[in-house]
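Colleague: Let me give you the structure first, and then I'll get to my questions.
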Amino acid sequence: MKYADYNYERIDPVQVKSKIIEIIDGFNNTKNVKQQKKWMDKTKVIFSDYETYASIAHLNFNKDTKDNNANKENDYYDKIEPSMKEISLNWAKTLLKGKFRKDLENIYGNHFFNLKELELKSFDPKIKKQVEEENKLKNEYTKIIAGARIEFEGNTYNLSGLGPFHTDADRGIRKRSYEARFSFFEKNSEDLDLIYDKLVSLRHKMALQLGYTNYIPLGYAQMGRTDYNHMDVAGYRDQIVENVVPLVSRLHEQKKEILGLDHLYFYDGINYKEGDPKPKGTPDELVSAAQKMYEELSPETGSFFNMMINEELLDLVNREGKMGGGFCTAFPKYKRPYIFSNFNGTDHDVTVLTHEAGHAFQVYSARNQPLIEYYWPTLEAAEIHSMSMEFITWPWMENFFKEDTERFKYLHMVKSISFLPYGACVDHFQHWVYENPEASPNERKSKWGELEKIYLPLRDYDDLDFPKRGGIWQSQLHIYQIPFYYIDYTLAQICAFQFWSKFNQDRATAWKDYHKLCKAGGSCSFIELLKIADLKSPFEPGVLTNVVSEIWEWLSSVDVKKI
Ligand SMILES: [Zn+2]
């Protein structure tokens, strides 16, 4: 069955509610755990239908943000989300109080119940209206960003389309393309400020209504974090400042040498004088190369990727009206994932393809988990599969980059490690924002500037006014859409680096561990999943130092001028 043949319909929350009431009644009146499981299976069908249709509506809207019908369906699913949350909450309460809970824990593990506890802590019907309002604001942001039409050197581009000019070999083009980019943000600055302002105060209000002092613990509960709190994260960020920031500064010095420039500005984002390596070939050729790669990597990835192609579960190329970025979504009813991206001719096309394929392979591998809650892990764990896949596929990079392969690998590693301080900066910023919900848009921007000095001390925007005044974070979708979803990438990166090292030592064992992790899906918490995959926790003292020093050793062994 192809994506286009999937059934799509609107779910009616009123009908769902009455079905769930019936199920709750049945569940509470059973005489044994076997019967309770049967009632659980009934809810599984209901929620899996809901998730599937909501996911289709969301995907179709991202595919074409200007399509009226897609807009309407997406709005519908956003609108019913709070009602569905309320229904799910009642079901969670029933499960937690169930008389055979111990037996169910023996079957499904504790994690499911821990997640249900967090569900109780992160939602209450009294914040229904606010959740609806939050969804509307998030979509307003999406529409502004996706609707960008930027004039540049005689042509019109959206943000993804403008991307390749940011890494052009010609410094003038790079700078002017950033000027064009930021003039778009400048023009929309008031709206972007206002949307964020409303989102922050709305989230703060919801937190107060649920009995929290600010949004931070609510945000953590919504992310399903059961293993660590904001203090652990703050300690981890300090480790990044201590260990990674100095290393990135050394890479910065090295880059000056490679580019032959005595000072680097923000727009000098390339790593080679001739420009960064680009994938060779059309989008179709890239997909064929990926197909060959996954067939050779393992039987599991081979059949998985062929299925993705045959069932038309990929939308990879940038076009007007399409939302930027890349993501992987899934349709539990059909047990299939979907990959969405915006190829624009840069090296990012390949990393986004391997990254999202990592997500998709994970969720596909976990499709036989007994609960839909176990198909995906929490996000910091979910990014391990994707970020590791970017490295696991290194031996096939020649198929994409030909003579530039070694350049690509070096660049990929530099980008991956340089990302850590930026990721920590975004995270620190968000903690500050929600600790200071009264701050004005200007105060937020100046705080961002302050944090940049800690995490990105060598960044120099030259005379690019918008980022200079601290506005650059407004292009970071996560800050608007999924608060606190960012440190996850850095935690996962530390794990992906460990996989990189494991694959260098013994590919067969490393693949076994990776595949085991994929199949485990979301059946355990982050730290428990790390144990399954034989990985060390980034929160453990010393782990980050060791991992990063191994990466540095590899980076120093590359003779950059010869590759
Ligand atoms: Zn990802």
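In the structure tokens, each chain is lettered A, B, ... as it comes, each chain's residues begin at 1, and ligands are numbered from 1 in order of appearance.
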Let me see if you get this right: every residue at most 9 Å from ligand 1, counting only C-alpha atoms and all ligand atoms, written as a list in words.
Modeller: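 Those within range of ligand 1 are Gly326, Phe327, Cys328, Val352, His355, Glu356, Gly358, His359, Leu379, Ala382, Glu383, Ile384, His385, Ser386, Met387 and Tyr489 of chain A.
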Colleague: Only N, CA and C atoms, please: the residues just picked out, written as a PDB file, in the first residue's frame.
Modeller:
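Wrote it out as again05.pdb, contents follow:
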```pdb
ATOM      1  N   GLY A 326      13.567  19.095   8.202  1.00  0.00           N
ATOM      2  CA  GLY A 326      13.360  17.676   7.946  1.00  0.00           C
ATOM      3  C   GLY A 326      12.798  17.022   9.180  1.00  0.00           C
ATOM      4  N   PHE A 327      11.960  16.030   8.985  1.00  0.00           N
ATOM      5  CA  PHE A 327      11.476  15.266  10.134  1.00  0.00           C
ATOM      6  C   PHE A 327      11.011  13.894   9.676  1.00  0.00           C
ATOM      7  N   CYS A 328      10.795  13.043  10.676  1.00  0.00           N
ATOM      8  CA  CYS A 328      10.266  11.722  10.388  1.00  0.00           C
ATOM      9  C   CYS A 328       8.996  11.588  11.205  1.00  0.00           C
ATOM     10  N   VAL A 352      20.722  14.787   6.272  1.00  0.00           N
ATOM     11  CA  VAL A 352      19.307  14.767   6.648  1.00  0.00           C
ATOM     12  C   VAL A 352      18.684  13.429   6.239  1.00  0.00           C
ATOM     13  N   HIS A 355      20.013  10.863   8.674  1.00  0.00           N
ATOM     14  CA  HIS A 355      19.462  11.182   9.986  1.00  0.00           C
ATOM     15  C   HIS A 355      17.994  10.722  10.089  1.00  0.00           C
ATOM     16  N   GLU A 356      17.181  11.186   9.162  1.00  0.00           N
ATOM     17  CA  GLU A 356      15.751  10.840   9.223  1.00  0.00           C
ATOM     18  C   GLU A 356      15.539   9.349   8.957  1.00  0.00           C
ATOM     19  N   GLY A 358      17.470   7.122  10.046  1.00  0.00           N
ATOM     20  CA  GLY A 358      17.754   6.522  11.352  1.00  0.00           C
ATOM     21  C   GLY A 358      16.511   6.504  12.222  1.00  0.00           C
ATOM     22  N   HIS A 359      15.802   7.631  12.244  1.00  0.00           N
ATOM     23  CA  HIS A 359      14.543   7.689  12.991  1.00  0.00           C
ATOM     24  C   HIS A 359      13.545   6.668  12.435  1.00  0.00           C
ATOM     25  N   LEU A 379      12.585  11.917  23.315  1.00  0.00           N
ATOM     26  CA  LEU A 379      13.331  12.489  22.192  1.00  0.00           C
ATOM     27  C   LEU A 379      14.861  12.440  22.306  1.00  0.00           C
ATOM     28  N   ALA A 382      15.568   9.140  21.119  1.00  0.00           N
ATOM     29  CA  ALA A 382      15.216   8.984  19.705  1.00  0.00           C
ATOM     30  C   ALA A 382      16.295   9.558  18.790  1.00  0.00           C
ATOM     31  N   GLU A 383      16.952  10.624  19.245  1.00  0.00           N
ATOM     32  CA  GLU A 383      17.989  11.229  18.395  1.00  0.00           C
ATOM     33  C   GLU A 383      19.259  10.373  18.328  1.00  0.00           C
ATOM     34  N   ILE A 384      19.388   9.395  19.209  1.00  0.00           N
ATOM     35  CA  ILE A 384      20.580   8.525  19.133  1.00  0.00           C
ATOM     36  C   ILE A 384      20.560   7.724  17.832  1.00  0.00           C
ATOM     37  N   HIS A 385      19.392   7.165  17.514  1.00  0.00           N
ATOM     38  CA  HIS A 385      19.314   6.335  16.300  1.00  0.00           C
ATOM     39  C   HIS A 385      19.649   7.149  15.066  1.00  0.00           C
ATOM     40  N   SER A 386      19.098   8.380  15.037  1.00  0.00           N
ATOM     41  CA  SER A 386      19.271   9.200  13.844  1.00  0.00           C
ATOM     42  C   SER A 386      20.698   9.726  13.729  1.00  0.00           C
ATOM     43  N   MET A 387      21.223  10.267  14.828  1.00  0.00           N
ATOM     44  CA  MET A 387      22.564  10.852  14.754  1.00  0.00           C
ATOM     45  C   MET A 387      23.628   9.775  14.583  1.00  0.00           C
ATOM     46  N   TYR A 489      19.454  16.821  21.382  1.00  0.00           N
ATOM     47  CA  TYR A 489      20.373  16.561  20.273  1.00  0.00           C
ATOM     48  C   TYR A 489      21.815  16.446  20.776  1.00  0.00           C
TER      49      TYR A 489
END
```
Colleague: I'd like the neighbourhood of Asn342 in chain A as a ChimeraX atom specification, where a residue qualifies if any of its atoms comes within 7 Å (using only C-alpha atoms), though same-chain residues fewer than 3 positions away should be ignored.
Modeller: /A:160,316-318,324-326
Colleague: Using only N, CA, C and O atoms, please write the residues we just selected to a file, as a CSV table (one decimal), in the first residue's frame.
Modeller:
```csv
chain,number,residue,atom,x,y,z
A,160,SER,N,14.9,27.6,2.9
A,160,SER,CA,15.7,26.5,2.5
A,160,SER,C,16.4,26.7,1.2
A,160,SER,O,17.6,26.4,1.0
A,316,LEU,N,11.3,14.5,-0.4
A,316,LEU,CA,12.7,14.9,0.0
A,316,LEU,C,13.1,16.3,-0.6
A,316,LEU,O,14.0,16.9,-0.1
A,317,VAL,N,12.5,16.7,-1.7
A,317,VAL,CA,13.0,17.9,-2.3
A,317,VAL,C,12.3,19.2,-2.0
A,317,VAL,O,11.0,19.2,-1.8
A,318,ASN,N,13.0,20.3,-1.8
A,318,ASN,CA,12.5,21.6,-1.5
A,318,ASN,C,11.6,22.1,-2.6
A,318,ASN,O,11.9,21.9,-3.8
A,324,GLY,N,10.0,24.2,5.8
A,324,GLY,CA,11.4,23.9,5.7
A,324,GLY,C,11.8,22.8,6.7
A,324,GLY,O,10.9,22.3,7.4
A,325,GLY,N,13.0,22.4,6.7
A,325,GLY,CA,13.5,21.4,7.7
A,325,GLY,C,13.3,20.0,7.3
A,325,GLY,O,12.8,19.7,6.2
A,326,GLY,N,13.6,19.1,8.2
A,326,GLY,CA,13.4,17.7,7.9
A,326,GLY,C,12.8,17.0,9.2
A,326,GLY,O,13.1,17.5,10.3
```
Colleague: Which polymer residues have any atom within 7 Å of an atom of range 495-506 of chain A, counting only C-alpha atoms, with same-chain residues fewer than 4 positions away left out, as number ranges by chain?
Modeller: A: 384, 387-388, 391-392, 491, 510, 535, 547
Colleague: Would you please work out which residue, of A:Leu159, A:Ala54, A:Met389, A:Cys518, is nearest to Asn368 in chain A when using only C-alpha atoms?
Modeller: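 Using only C-alpha atoms, the shortest distance to Asn368 in chain A belongs to A:Cys518.
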Colleague: Would you pick out the contacts of Ile20 in chain A at 8 Å or less, using only C-alpha atoms, so that residues sharing its chain but fewer than 4 positions from it are not included, and give the list as a list in words?
Modeller: Val16, Ile24, Thr43, Ile87 and Trp91 of chain A
Colleague: Could you write out the selected residues, including C-alpha atoms, as a short mmCIF file (atom, residue, chain, number, x, y, z; two decimals), in the first residue's frame?
Modeller:
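And here is the file that came out, out30.cif:
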```
data_model
loop_
_atom_site.label_atom_id
_atom_site.label_comp_id
_atom_site.auth_asym_id
_atom_site.auth_seq_id
_atom_site.Cartn_x
_atom_site.Cartn_y
_atom_site.Cartn_z
CA VAL A 16 -14.12 8.47 21.16
CA ILE A 24 -12.90 2.12 31.36
CA THR A 43 -7.79 1.56 23.36
CA ILE A 87 -9.70 11.44 27.07
CA TRP A 91 -7.60 6.45 30.55
#
```
Colleague: Hey, what's within 12 Å of Glu140 in chain A if we count only C-alpha atoms and toss same-chain stuff fewer than 2 positions away? As a PyMOL selection string, please?
Modeller: chain A and resi 65+71+75+133-138+142-147+188+191-192+194-196+198-199+477+480-481
Colleague: Can you list every residue in range 311-555 of chain A that DSSP puts in helix (DSSP H, G or I), as a PyMOL selection string?
Modeller: chain A and resi 348-365+372-374+379-392+394-396+398-435+441-455+465-468+472-475+477-481+487-505+507-520+526-532+543-555
Colleague: Can you list, as a VMD selection string, every protein, DNA or RNA residue that comes within 9 Å of range 437-439 of chain A when you count only C-alpha atoms, leaving out same-chain residues fewer than 2 positions away?
Modeller: chain A and resid 197 200 to 201 204 214 to 215 432 to 435 441 to 444
Colleague: Suppose we keep N, CA, C and O atoms; can you now write the selection as a PDB file, in the first residue's frame?
Modeller:
```pdb
ATOM      1  N   ASP A 197       6.156  36.005  22.693  1.00  0.00           N
ATOM      2  CA  ASP A 197       5.681  36.619  23.933  1.00  0.00           C
ATOM      3  C   ASP A 197       4.407  35.939  24.424  1.00  0.00           C
ATOM      4  O   ASP A 197       4.277  35.568  25.586  1.00  0.00           O
ATOM      5  N   VAL A 200       5.112  32.297  25.594  1.00  0.00           N
ATOM      6  CA  VAL A 200       5.766  32.206  26.899  1.00  0.00           C
ATOM      7  C   VAL A 200       4.757  32.475  28.016  1.00  0.00           C
ATOM      8  O   VAL A 200       4.674  31.720  28.989  1.00  0.00           O
ATOM      9  N   SER A 201       3.956  33.527  27.844  1.00  0.00           N
ATOM     10  CA  SER A 201       3.040  33.832  28.956  1.00  0.00           C
ATOM     11  C   SER A 201       1.935  32.771  29.058  1.00  0.00           C
ATOM     12  O   SER A 201       1.512  32.422  30.155  1.00  0.00           O
ATOM     13  N   HIS A 204       3.509  29.807  30.802  1.00  0.00           N
ATOM     14  CA  HIS A 204       3.694  30.127  32.213  1.00  0.00           C
ATOM     15  C   HIS A 204       2.354  29.989  32.958  1.00  0.00           C
ATOM     16  O   HIS A 204       2.283  29.378  34.026  1.00  0.00           O
ATOM     17  N   ASN A 214       6.889  27.621  37.736  1.00  0.00           N
ATOM     18  CA  ASN A 214       7.106  28.148  36.389  1.00  0.00           C
ATOM     19  C   ASN A 214       6.971  27.005  35.377  1.00  0.00           C
ATOM     20  O   ASN A 214       6.642  25.873  35.760  1.00  0.00           O
ATOM     21  N   TYR A 215       7.262  27.288  34.110  1.00  0.00           N
ATOM     22  CA  TYR A 215       6.989  26.309  33.060  1.00  0.00           C
ATOM     23  C   TYR A 215       8.024  25.174  32.993  1.00  0.00           C
ATOM     24  O   TYR A 215       7.752  24.122  32.406  1.00  0.00           O
ATOM     25  N   TRP A 432      16.219  30.244  30.897  1.00  0.00           N
ATOM     26  CA  TRP A 432      16.146  31.641  31.355  1.00  0.00           C
ATOM     27  C   TRP A 432      14.790  32.254  30.996  1.00  0.00           C
ATOM     28  O   TRP A 432      14.153  32.910  31.819  1.00  0.00           O
ATOM     29  N   VAL A 433      14.352  32.018  29.774  1.00  0.00           N
ATOM     30  CA  VAL A 433      13.071  32.576  29.309  1.00  0.00           C
ATOM     31  C   VAL A 433      11.931  32.174  30.236  1.00  0.00           C
ATOM     32  O   VAL A 433      11.128  33.008  30.654  1.00  0.00           O
ATOM     33  N   TYR A 434      11.875  30.877  30.580  1.00  0.00           N
ATOM     34  CA  TYR A 434      10.748  30.425  31.387  1.00  0.00           C
ATOM     35  C   TYR A 434      10.927  30.712  32.882  1.00  0.00           C
ATOM     36  O   TYR A 434       9.966  30.671  33.639  1.00  0.00           O
ATOM     37  N   GLU A 435      12.159  31.023  33.279  1.00  0.00           N
ATOM     38  CA  GLU A 435      12.365  31.489  34.663  1.00  0.00           C
ATOM     39  C   GLU A 435      11.992  32.961  34.766  1.00  0.00           C
ATOM     40  O   GLU A 435      11.753  33.483  35.854  1.00  0.00           O
ATOM     41  N   PRO A 441      10.585  41.353  24.898  1.00  0.00           N
ATOM     42  CA  PRO A 441      11.308  40.821  23.739  1.00  0.00           C
ATOM     43  C   PRO A 441      12.753  41.336  23.662  1.00  0.00           C
ATOM     44  O   PRO A 441      13.660  40.575  23.339  1.00  0.00           O
ATOM     45  N   ASN A 442      12.957  42.609  23.991  1.00  0.00           N
ATOM     46  CA  ASN A 442      14.326  43.133  23.932  1.00  0.00           C
ATOM     47  C   ASN A 442      15.232  42.524  24.994  1.00  0.00           C
ATOM     48  O   ASN A 442      16.409  42.276  24.745  1.00  0.00           O
ATOM     49  N   GLU A 443      14.661  42.321  26.176  1.00  0.00           N
ATOM     50  CA  GLU A 443      15.460  41.677  27.231  1.00  0.00           C
ATOM     51  C   GLU A 443      15.852  40.254  26.831  1.00  0.00           C
ATOM     52  O   GLU A 443      16.968  39.805  27.103  1.00  0.00           O
ATOM     53  N   ARG A 444      14.939  39.573  26.157  1.00  0.00           N
ATOM     54  CA  ARG A 444      15.262  38.213  25.699  1.00  0.00           C
ATOM     55  C   ARG A 444      16.421  38.261  24.714  1.00  0.00           C
ATOM     56  O   ARG A 444      17.335  37.456  24.774  1.00  0.00           O
TER      57      ARG A 444
END
```
Colleague: I need the residue nearest Lys335 in chain A from this list: A:Asn436, A:Ser365, A:Asn243, A:Thr378. Use only C-alpha atoms for the distance.
Modeller: A:Ser365
Colleague: Could you state the separation of CA of Lys280 in chain A and CA of Asp315 in chain A in Å, given to one decimal place?
Modeller: 19.3 Å
Colleague: My list of candidates is A:Tyr455, A:Tyr108, A:Phe526, A:Trp394. Which is closest to Met293 in chain A when distances are computed with only C-alpha atoms?
Modeller: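 For Met293 in chain A, the nearest of the candidates is A:Trp394.
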Colleague: For range 225-229 of chain A, find every residue with an atom within 10 Å (counting only C-alpha atoms), except residues of its own chain fewer than 2 positions away, and show them as a list in words.
Modeller: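 Non-adjacent residues within range: His111, Asn114, Leu115, Glu117, Leu118, Ile216, Pro217, Gly219, Tyr220, Ala221, Gln222, Met223, Met231, Asp232, Val233, Ala234, Thr378, Leu379, Glu380, Cys524, Ser525, Phe526, Ile527, Glu528 and Phe539 of chain A.
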Colleague: Mind the document's chain letters and residue numbers, and return as a ChimeraX atom specification the residues of range 323-464 of chain A that DSSP labels strand (DSSP E or B).
Modeller: /A:327-331,336-343
